[in-house]
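Engineer: Provided herewith: final-v1.txt, compact mmCIF, C-alpha atoms.
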# COMPACT_ATOMS: atom_id res chain seq x y z
CA MET A 5 72.22 77.63 84.12
CA LYS A 6 73.26 78.90 87.55
CA ARG A 7 73.89 82.65 87.76
CA ILE A 8 76.85 83.98 89.73
CA LEU A 9 77.31 87.46 91.14
CA VAL A 10 80.94 88.31 91.93
CA VAL A 11 81.41 90.88 94.69
CA ASP A 12 85.08 91.86 94.74
CA ASP A 13 86.96 95.13 94.27
CA SER A 14 89.46 93.24 92.10
CA SER A 15 88.96 92.47 88.41
CA PHE A 16 91.48 89.67 88.84
CA ALA A 17 89.02 87.77 91.02
CA TYR A 18 86.16 88.42 88.61
CA ASN A 19 88.16 87.20 85.59
CA GLU A 20 89.51 84.21 87.51
CA ILE A 21 86.04 83.04 88.56
CA ALA A 22 84.67 83.56 85.06
CA ASP A 23 87.51 81.38 83.74
CA LEU A 24 87.10 78.69 86.42
CA VAL A 25 83.41 77.84 86.15
CA PRO A 26 82.11 75.48 83.46
CA SER A 27 80.39 77.77 80.96
CA ASP A 28 77.68 75.24 80.13
CA GLU A 29 76.44 75.21 83.74
CA TYR A 30 77.31 78.62 85.18
CA GLU A 31 77.16 82.21 84.04
CA VAL A 32 78.87 85.12 85.77
CA ILE A 33 76.16 87.75 85.43
CA ALA A 34 77.64 90.78 87.18
CA HIS A 35 80.60 92.21 89.06
CA ALA A 36 80.03 94.41 92.10
CA LYS A 37 83.14 96.29 93.23
CA ASP A 38 82.13 96.95 96.81
CA GLY A 39 79.75 95.68 99.45
CA GLU A 40 77.11 98.33 98.86
CA GLU A 41 76.92 97.57 95.14
CA GLY A 42 76.87 93.87 96.04
CA ILE A 43 73.79 94.32 98.21
CA ARG A 44 72.04 96.34 95.51
CA LEU A 45 72.86 93.88 92.72
CA TYR A 46 71.80 90.93 94.89
CA GLU A 47 68.36 92.47 95.31
CA GLU A 48 68.11 93.42 91.66
CA LEU A 49 69.47 90.30 89.96
CA LYS A 50 68.62 87.56 92.49
CA PRO A 51 71.64 85.38 91.62
CA ASP A 52 71.88 81.70 92.47
CA ILE A 53 75.42 82.08 93.82
CA VAL A 54 77.37 85.03 95.24
CA THR A 55 81.12 85.07 95.67
CA MET A 56 81.97 87.68 98.28
CA ASP A 57 85.41 89.11 98.99
CA ILE A 58 85.93 90.34 102.53
CA ILE A 59 88.33 93.26 102.37
CA MET A 60 86.89 95.92 100.10
CA PRO A 61 86.56 99.69 100.21
CA GLY A 62 83.48 100.96 102.00
CA ILE A 63 81.27 98.21 103.46
CA ASP A 64 83.38 95.05 103.76
CA GLY A 65 82.21 91.67 102.56
CA MET A 66 81.24 90.37 105.98
CA GLU A 67 78.93 93.35 106.59
CA ALA A 68 77.50 93.03 103.09
CA ALA A 69 76.86 89.32 103.62
CA LYS A 70 75.13 90.05 106.95
CA GLU A 71 72.90 92.63 105.29
CA ILE A 72 71.98 90.31 102.43
CA ILE A 73 71.19 87.46 104.85
CA GLN A 74 69.07 89.77 106.97
CA ARG A 75 67.00 90.66 103.90
CA ASP A 76 67.00 87.12 102.51
CA PRO A 77 67.77 84.30 105.00
CA THR A 78 68.08 81.78 102.14
CA ALA A 79 71.22 83.67 101.07
CA THR A 80 73.25 81.63 103.57
CA HIS A 81 73.06 78.86 100.97
CA LYS A 82 74.12 81.16 98.14
CA ILE A 83 77.08 83.13 99.44
CA ILE A 84 80.65 81.85 99.25
CA MET A 85 83.14 84.02 101.09
CA LEU A 86 86.45 84.42 99.30
CA SER A 87 89.41 86.04 100.94
CA SER A 88 93.15 86.13 101.37
CA LEU A 89 92.33 86.48 105.08
CA CYS A 90 91.43 83.00 106.27
CA ASP A 91 92.25 82.86 109.95
CA MET A 92 90.16 80.93 112.48
CA ASP A 93 88.36 84.07 113.67
CA THR A 94 87.16 84.83 110.14
CA LEU A 95 86.11 81.23 109.56
CA ASN A 96 84.13 81.20 112.81
CA GLU A 97 82.43 84.44 111.80
CA VAL A 98 81.43 82.97 108.43
CA HIS A 99 79.93 79.87 110.08
CA ALA A 100 78.21 81.94 112.75
CA LEU A 101 76.34 83.76 109.98
CA GLY A 102 75.16 80.41 108.63
CA MET A 103 77.35 80.30 105.55
CA ARG A 104 79.23 77.17 104.74
CA HIS A 105 82.32 78.19 102.77
CA LEU A 106 85.30 80.48 103.24
CA ILE A 107 87.68 79.90 100.35
CA PRO A 108 91.24 81.19 100.60
CA LYS A 109 92.86 83.19 97.85
CA PRO A 110 94.69 82.24 95.66
CA ILE A 111 91.67 80.21 94.62
CA GLU A 112 92.21 76.52 93.98
CA LYS A 113 89.96 75.35 91.17
CA GLU A 114 88.89 72.06 92.82
CA VAL A 115 88.08 73.81 96.08
CA PHE A 116 85.99 76.44 94.32
CA LEU A 117 84.13 73.94 92.15
CA TYR A 118 83.39 71.83 95.23
CA ALA A 119 81.99 74.87 97.04
CA ILE A 120 79.65 75.96 94.23
CA THR A 121 78.24 72.43 94.00
CA HIS A 122 77.89 72.01 97.80
CA LEU A 123 76.20 75.13 99.02
CA GLU A 124 73.47 73.53 101.14
CA MET B 21 106.43 75.04 115.30
CA GLU B 22 106.00 77.75 112.68
CA SER B 23 108.24 80.78 113.07
CA MET B 24 107.60 84.30 111.77
CA GLU B 25 110.51 83.84 109.38
CA ASN B 26 108.95 80.71 107.88
CA ILE B 27 105.54 82.39 107.67
CA VAL B 28 107.02 85.28 105.69
CA ILE B 29 109.12 83.14 103.38
CA HIS B 30 106.30 80.67 102.74
CA GLY B 31 103.77 83.44 102.24
CA PHE B 32 105.85 85.44 99.87
CA CYS B 33 107.49 82.73 97.78
CA ASN B 34 104.71 80.16 97.57
CA VAL B 35 101.89 82.61 96.93
CA THR B 36 103.92 84.48 94.30
CA GLN B 37 104.62 81.23 92.53
CA ARG B 38 101.00 80.09 92.69
CA LEU B 39 99.70 83.36 91.31
CA SER B 40 102.32 84.03 88.67
CA SER B 41 104.59 80.98 88.32
CA ILE B 42 107.46 83.29 89.29
CA ARG B 43 109.95 81.68 91.63
CA LEU B 44 111.65 83.74 94.33
CA GLU B 45 114.62 82.65 96.40
CA PRO B 46 115.23 84.03 99.89
CA GLU B 47 118.47 85.99 100.11
CA GLU B 48 120.60 87.41 102.93
CA GLY B 49 122.93 90.35 103.22
CA ILE B 50 121.61 92.21 100.18
CA ILE B 51 121.88 95.99 99.99
CA LEU B 52 118.86 98.08 99.13
CA THR B 53 118.12 97.95 95.42
CA LYS B 54 118.69 101.10 93.35
CA GLU B 55 116.42 99.88 90.57
CA PRO B 56 113.02 101.48 90.00
CA VAL B 57 110.44 99.69 92.10
CA TYR B 58 106.77 99.56 92.88
CA SER B 59 106.34 100.03 96.61
CA GLY B 60 103.26 98.66 98.30
CA THR B 61 102.29 99.49 101.88
CA ILE B 62 99.68 97.61 103.87
CA ARG B 63 98.72 98.84 107.34
CA LEU B 64 97.96 96.28 110.03
CA HIS B 65 95.67 96.71 113.00
CA GLY B 66 94.21 94.62 115.77
CA PHE B 67 96.56 92.49 117.84
CA LEU B 68 99.47 93.88 115.79
CA ASP B 69 99.68 97.56 114.92
CA GLY B 70 102.12 97.94 112.08
CA GLU B 71 102.77 97.72 108.41
CA MET B 72 104.08 95.56 105.62
CA LEU B 73 106.22 97.24 103.01
CA PHE B 74 106.90 95.59 99.66
CA LEU B 75 109.55 96.86 97.24
CA ILE B 76 109.24 95.03 93.94
CA PRO B 77 111.30 95.81 90.81
CA GLU B 78 109.22 97.26 88.00
CA GLU B 79 110.03 94.48 85.57
CA MET B 80 109.10 91.82 88.11
CA ALA B 81 105.84 93.57 88.98
CA GLU B 82 104.97 93.75 85.29
CA GLN B 83 105.73 90.06 84.86
CA ILE B 84 103.65 89.14 87.92
CA VAL B 85 100.62 90.99 86.54
CA PHE B 86 101.23 89.62 83.04
CA GLN B 87 101.14 86.07 84.39
CA MET B 88 98.11 86.69 86.62
CA SER B 89 96.19 88.12 83.68
CA HIS B 90 97.39 85.44 81.21
CA GLY B 91 98.65 88.29 79.04
CA ARG B 92 95.21 89.89 78.82
CA PRO B 93 95.46 93.50 77.56
CA MET B 94 94.49 95.92 80.27
CA SER B 95 94.19 99.58 81.15
CA GLU B 96 96.48 101.27 83.66
CA ALA B 97 93.70 101.18 86.25
CA GLU B 98 93.17 97.47 85.72
CA TRP B 99 96.92 96.82 85.97
CA ASP B 100 96.94 98.74 89.22
CA GLY B 101 94.04 96.63 90.49
CA TYR B 102 95.79 93.38 89.62
CA PHE B 103 99.02 94.44 91.32
CA LYS B 104 97.17 95.53 94.46
CA GLU B 105 95.33 92.21 94.48
CA TYR B 106 98.69 90.41 94.30
CA LEU B 107 99.92 92.36 97.34
CA ASN B 108 96.60 91.77 99.09
CA ILE B 109 96.79 88.01 98.59
CA VAL B 110 100.46 87.72 99.66
CA ALA B 111 99.82 89.86 102.75
CA GLY B 112 96.56 88.13 103.60
CA CYS B 113 98.20 84.71 103.49
CA MET B 114 100.93 85.84 105.88
CA ILE B 115 98.53 87.68 108.16
CA SER B 116 96.17 84.69 108.37
CA GLN B 117 99.03 82.50 109.48
CA ILE B 118 100.27 85.11 111.97
CA GLY B 119 96.77 85.40 113.39
CA ASN B 120 96.48 81.63 113.74
CA PHE B 121 100.01 81.40 115.17
CA PHE B 122 99.16 83.84 117.98
CA GLY B 123 95.50 82.87 118.22
CA LYS B 124 94.57 86.53 117.84
CA ARG B 125 92.95 88.74 115.23
CA VAL B 126 94.99 90.88 112.85
CA ARG B 127 93.30 92.94 110.17
CA PHE B 128 94.77 94.95 107.32
CA SER B 129 94.12 97.83 104.96
CA LEU B 130 93.93 97.93 101.20
CA PRO B 131 97.41 98.36 99.71
CA MET B 132 98.80 101.79 98.78
CA VAL B 133 101.11 101.63 95.79
CA LYS B 134 103.73 104.10 94.57
CA LYS B 135 106.41 103.94 91.91
CA GLY B 136 109.98 105.20 92.04
CA VAL B 137 113.50 104.56 93.25
CA CYS B 138 113.86 103.79 96.94
CA LYS B 139 116.48 106.00 98.59
CA GLU B 140 116.20 104.43 102.03
CA ILE B 141 113.88 102.60 104.37
CA THR B 142 113.48 105.01 107.25
CA GLU B 143 113.70 104.05 110.91
CA ASN B 144 110.49 104.42 112.84
CA GLU B 145 108.89 103.84 116.18
CA PHE B 146 107.87 100.21 115.78
CA GLN B 147 109.01 97.73 118.46
CA PHE B 148 109.72 94.94 116.03
CA CYS B 149 111.13 95.20 112.54
CA SER B 150 112.31 92.51 110.19
CA ARG B 151 113.45 92.72 106.60
CA HIS B 152 113.40 89.82 104.19
CA ASP B 153 114.96 89.86 100.74
CA PHE B 154 114.20 87.64 97.79
CA SER B 155 115.58 87.45 94.29
CA ASN B 156 115.36 85.92 90.86
CA GLU B 157 116.60 86.86 87.38
CA LEU B 158 114.19 89.81 87.32
CA GLY B 159 115.71 91.50 90.35
CA ILE B 160 115.61 91.85 94.09
CA VAL B 161 112.50 92.11 96.25
CA HIS B 162 112.63 93.70 99.69
CA PHE B 163 109.93 92.99 102.24
CA VAL B 164 109.80 94.86 105.54
CA PHE B 165 107.47 93.82 108.33
CA ARG B 166 107.29 96.10 111.34
CA TYR B 167 104.82 96.26 114.19
CA ASN B 168 103.97 96.97 117.78
CA GLU B 169 102.19 94.32 119.77
CA VAL B 170 98.94 95.67 121.17
CA VAL B 171 98.22 94.41 124.65
CA LEU B 172 94.74 95.18 125.92
CA GLU B 173 93.96 95.42 129.62
CA GLY B 174 91.99 92.40 130.76
CA ALA B 175 92.77 90.49 127.56
Here is the file; what I need is its structure written in the form of structure tokens.

Structural biologist:
Amino acid sequence: MKRILVVDDSSFAYNEIADLVPSDEYEVIAHAKDGEEGIRLYEELKPDIVTMDIIMPGIDGMEAAKEIIQRDPTATHKIIMLSSLCDMDTLNEVHALGMRHLIPKPIEKEVFLYAITHLE
Amino acid sequence: MESMENIVIHGFCNVTQRLSSIRLEPEEGIILTKEPVYSGTIRLHGFLDGEMLFLIPEEMAEQIVFQMSHGRPMSEAEWDGYFKEYLNIVAGCMISQIGNFFGKRVRFSLPMVKKGVCKEITENEFQFCSRHDFSNELGIVHFVFRYNEVVLEGA
């Protein structure tokens, strides 16, 4: 069972992801509401997958992702960036950090399921 | 070639429908609604310095959140979070396309939401201002997009 940490200030995103993933293969284990909590819960829970919103109060998702990757370089294969902001600049920044996926909101189920099964 | 008008209409109507199944039709020549609304303001910064202002009738806002949550019971705080996320996603979609259209970076704040009756939309110092109206059986939505273009020396 793969364990997912959702980092997003919105409960909508958390509930949506929990509804999207097949429950026999994935478990949403926690919901962090800002980047700082996301970093802390990543260290504490060591999830298999992290979905990371970008625009959040406090530390934004890009900064949180950078911090997590600095502490754990394998995290580039665990973090999926999720955002309503999906311009080329943001996409380039995601790739420059070594992550593979930036998924636009509203989330499309097929796109999300593809991403969580193609993280490497 | 995409125009700002198309970006706004596509962003607003298509994203609203995808999130809530609520259809909106663009309208012209509509006077400011006197119905109680939720107003959402999102500040822009970067290449564009400005704001997006959403005026959404209460009943429509409630229906949007109801659809997004699949009717899940929720607290006031959770409702507020869902509505702000709706505004965030609509704005983000438009801003992404604007950024790609100009090839420059635009960033935005978290939405600020208030509730009440809108007396007027005040004039301000922005260079560019456009208003777009939409409607369906639940009421009239006003969307105002106003900004200054930021030109940096040497850019």

Engineer: Give as a ChimeraX atom specification every residue of chain B that touches chain A within 12 Å, counting all atoms listed in the file.

Structural biologist: /B:31,34-40,85-90,92,94-95,97-131

Engineer: If we count only C-alpha atoms and set the cut-off at 10 Å, which residues sit around Val137 (chain B), ignoring sequence neighbours fewer than 3 positions away in its own chain? Please answer as a PyMOL selection string.

Structural biologist: chain B and resi 53-59+75+77-78+134+140

Engineer: Since we have the selection now, will you write its residues out, keeping C-alpha atoms, as a compact mmCIF listing (two decimals), in the coordinates of the input?

Structural biologist:
# COMPACT_ATOMS: atom_id res chain seq x y z
CA THR B 53 118.12 97.95 95.42
CA LYS B 54 118.69 101.10 93.35
CA GLU B 55 116.42 99.88 90.57
CA PRO B 56 113.02 101.48 90.00
CA VAL B 57 110.44 99.69 92.10
CA TYR B 58 106.77 99.56 92.88
CA SER B 59 106.34 100.03 96.61
CA LEU B 75 109.55 96.86 97.24
CA PRO B 77 111.30 95.81 90.81
CA GLU B 78 109.22 97.26 88.00
CA LYS B 134 103.73 104.10 94.57
CA GLU B 140 116.20 104.43 102.03

Engineer: Between A:Glu124, A:Asp52, A:Asp64, A:Asp57, single out the one closest to Ile33 (chain A), counting all atoms listed in the file.

Structural biologist: A:Asp52

Engineer: Which distance in Å separates CA of Tyr46 (chain A) and CA of Tyr18 (chain A), to one decimal?

Structural biologist: 15.9 Å

Engineer: Given the choices A:Met56, A:Ile21, A:Leu9, A:Ile63, which gets closest to Leu106 (chain A) if the distance is worked out from all atoms listed in the file?

Structural biologist: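 Closest to Leu106 (chain A) of all the choices is A:Met56.
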
Engineer: How many Å separate CA of Glu169 (chain B) from CA of Arg151 (chain B)?

Structural biologist: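 The value is 17.4 Å.
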
Engineer: So, counting only C-alpha atoms, which residue among B:Val164, B:Leu158, B:Val170, B:Ile51 is closest to Ile84 (chain B)?

Structural biologist: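 Result for the nearest residue to Ile84 (chain B): B:Leu158.
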
Engineer: Between A:Lys113, A:Glu41, A:Val54, A:Val10, which one has atoms that come closest to Ile73 (chain A), using all atoms listed in the file?

Structural biologist: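 Closest candidate: A:Val54.
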
Engineer: With distances taken over all atoms listed in the file, which residue among A:Ile53, A:Pro77, A:Ala68, A:Asn96 lies nearest His122 (chain A)?

Structural biologist: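 Going through A:Ile53, A:Pro77, A:Ala68, A:Asn96 one by one, the smallest distance to His122 (chain A) is for A:Ile53.
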
Engineer: At what distance in Å, to one decimal, does CA of Asn144 (chain B) lie from CA of Val28 (chain B)?

Structural biologist: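 So the two atoms, CA of Val28 (chain B) and CA of Asn144 (chain B), lie 20.7 Å apart.
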
Engineer: Complete region 57-70 of chain A at the level of N, CA and C atoms, written as a compact mmCIF listing (two decimals), in the coordinates of the input.

Structural biologist:
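Writing the result to out18.txt gives the following:
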# COMPACT_ATOMS: atom_id res chain seq x y z
N ASP A 57 84.12 88.79 98.39
CA ASP A 57 85.41 89.11 98.99
C ASP A 57 85.15 89.75 100.35
N ILE A 58 86.14 89.74 101.21
CA ILE A 58 85.93 90.34 102.53
C ILE A 58 86.47 91.77 102.59
N ILE A 59 87.74 91.93 102.23
CA ILE A 59 88.33 93.26 102.37
C ILE A 59 88.10 94.06 101.10
N MET A 60 87.24 95.05 101.23
CA MET A 60 86.89 95.92 100.10
C MET A 60 86.73 97.34 100.61
N PRO A 61 86.82 98.32 99.74
CA PRO A 61 86.56 99.69 100.21
C PRO A 61 85.11 99.84 100.63
N GLY A 62 84.86 100.73 101.56
CA GLY A 62 83.48 100.96 102.00
C GLY A 62 83.02 99.82 102.90
N ILE A 63 81.81 99.33 102.65
CA ILE A 63 81.27 98.21 103.46
C ILE A 63 82.05 96.95 103.10
N ASP A 64 82.61 96.27 104.11
CA ASP A 64 83.38 95.05 103.76
C ASP A 64 82.43 93.89 103.49
N GLY A 65 83.02 92.79 103.03
CA GLY A 65 82.21 91.67 102.56
C GLY A 65 81.40 91.02 103.67
N MET A 66 81.95 91.00 104.87
CA MET A 66 81.24 90.37 105.98
C MET A 66 79.97 91.17 106.30
N GLU A 67 80.09 92.48 106.32
CA GLU A 67 78.93 93.35 106.59
C GLU A 67 77.92 93.23 105.46
N ALA A 68 78.40 93.16 104.24
CA ALA A 68 77.50 93.03 103.09
C ALA A 68 76.76 91.70 103.16
N ALA A 69 77.49 90.64 103.52
CA ALA A 69 76.86 89.32 103.62
C ALA A 69 75.78 89.33 104.71
N LYS A 70 76.10 89.96 105.83
CA LYS A 70 75.13 90.05 106.95
C LYS A 70 73.87 90.76 106.49
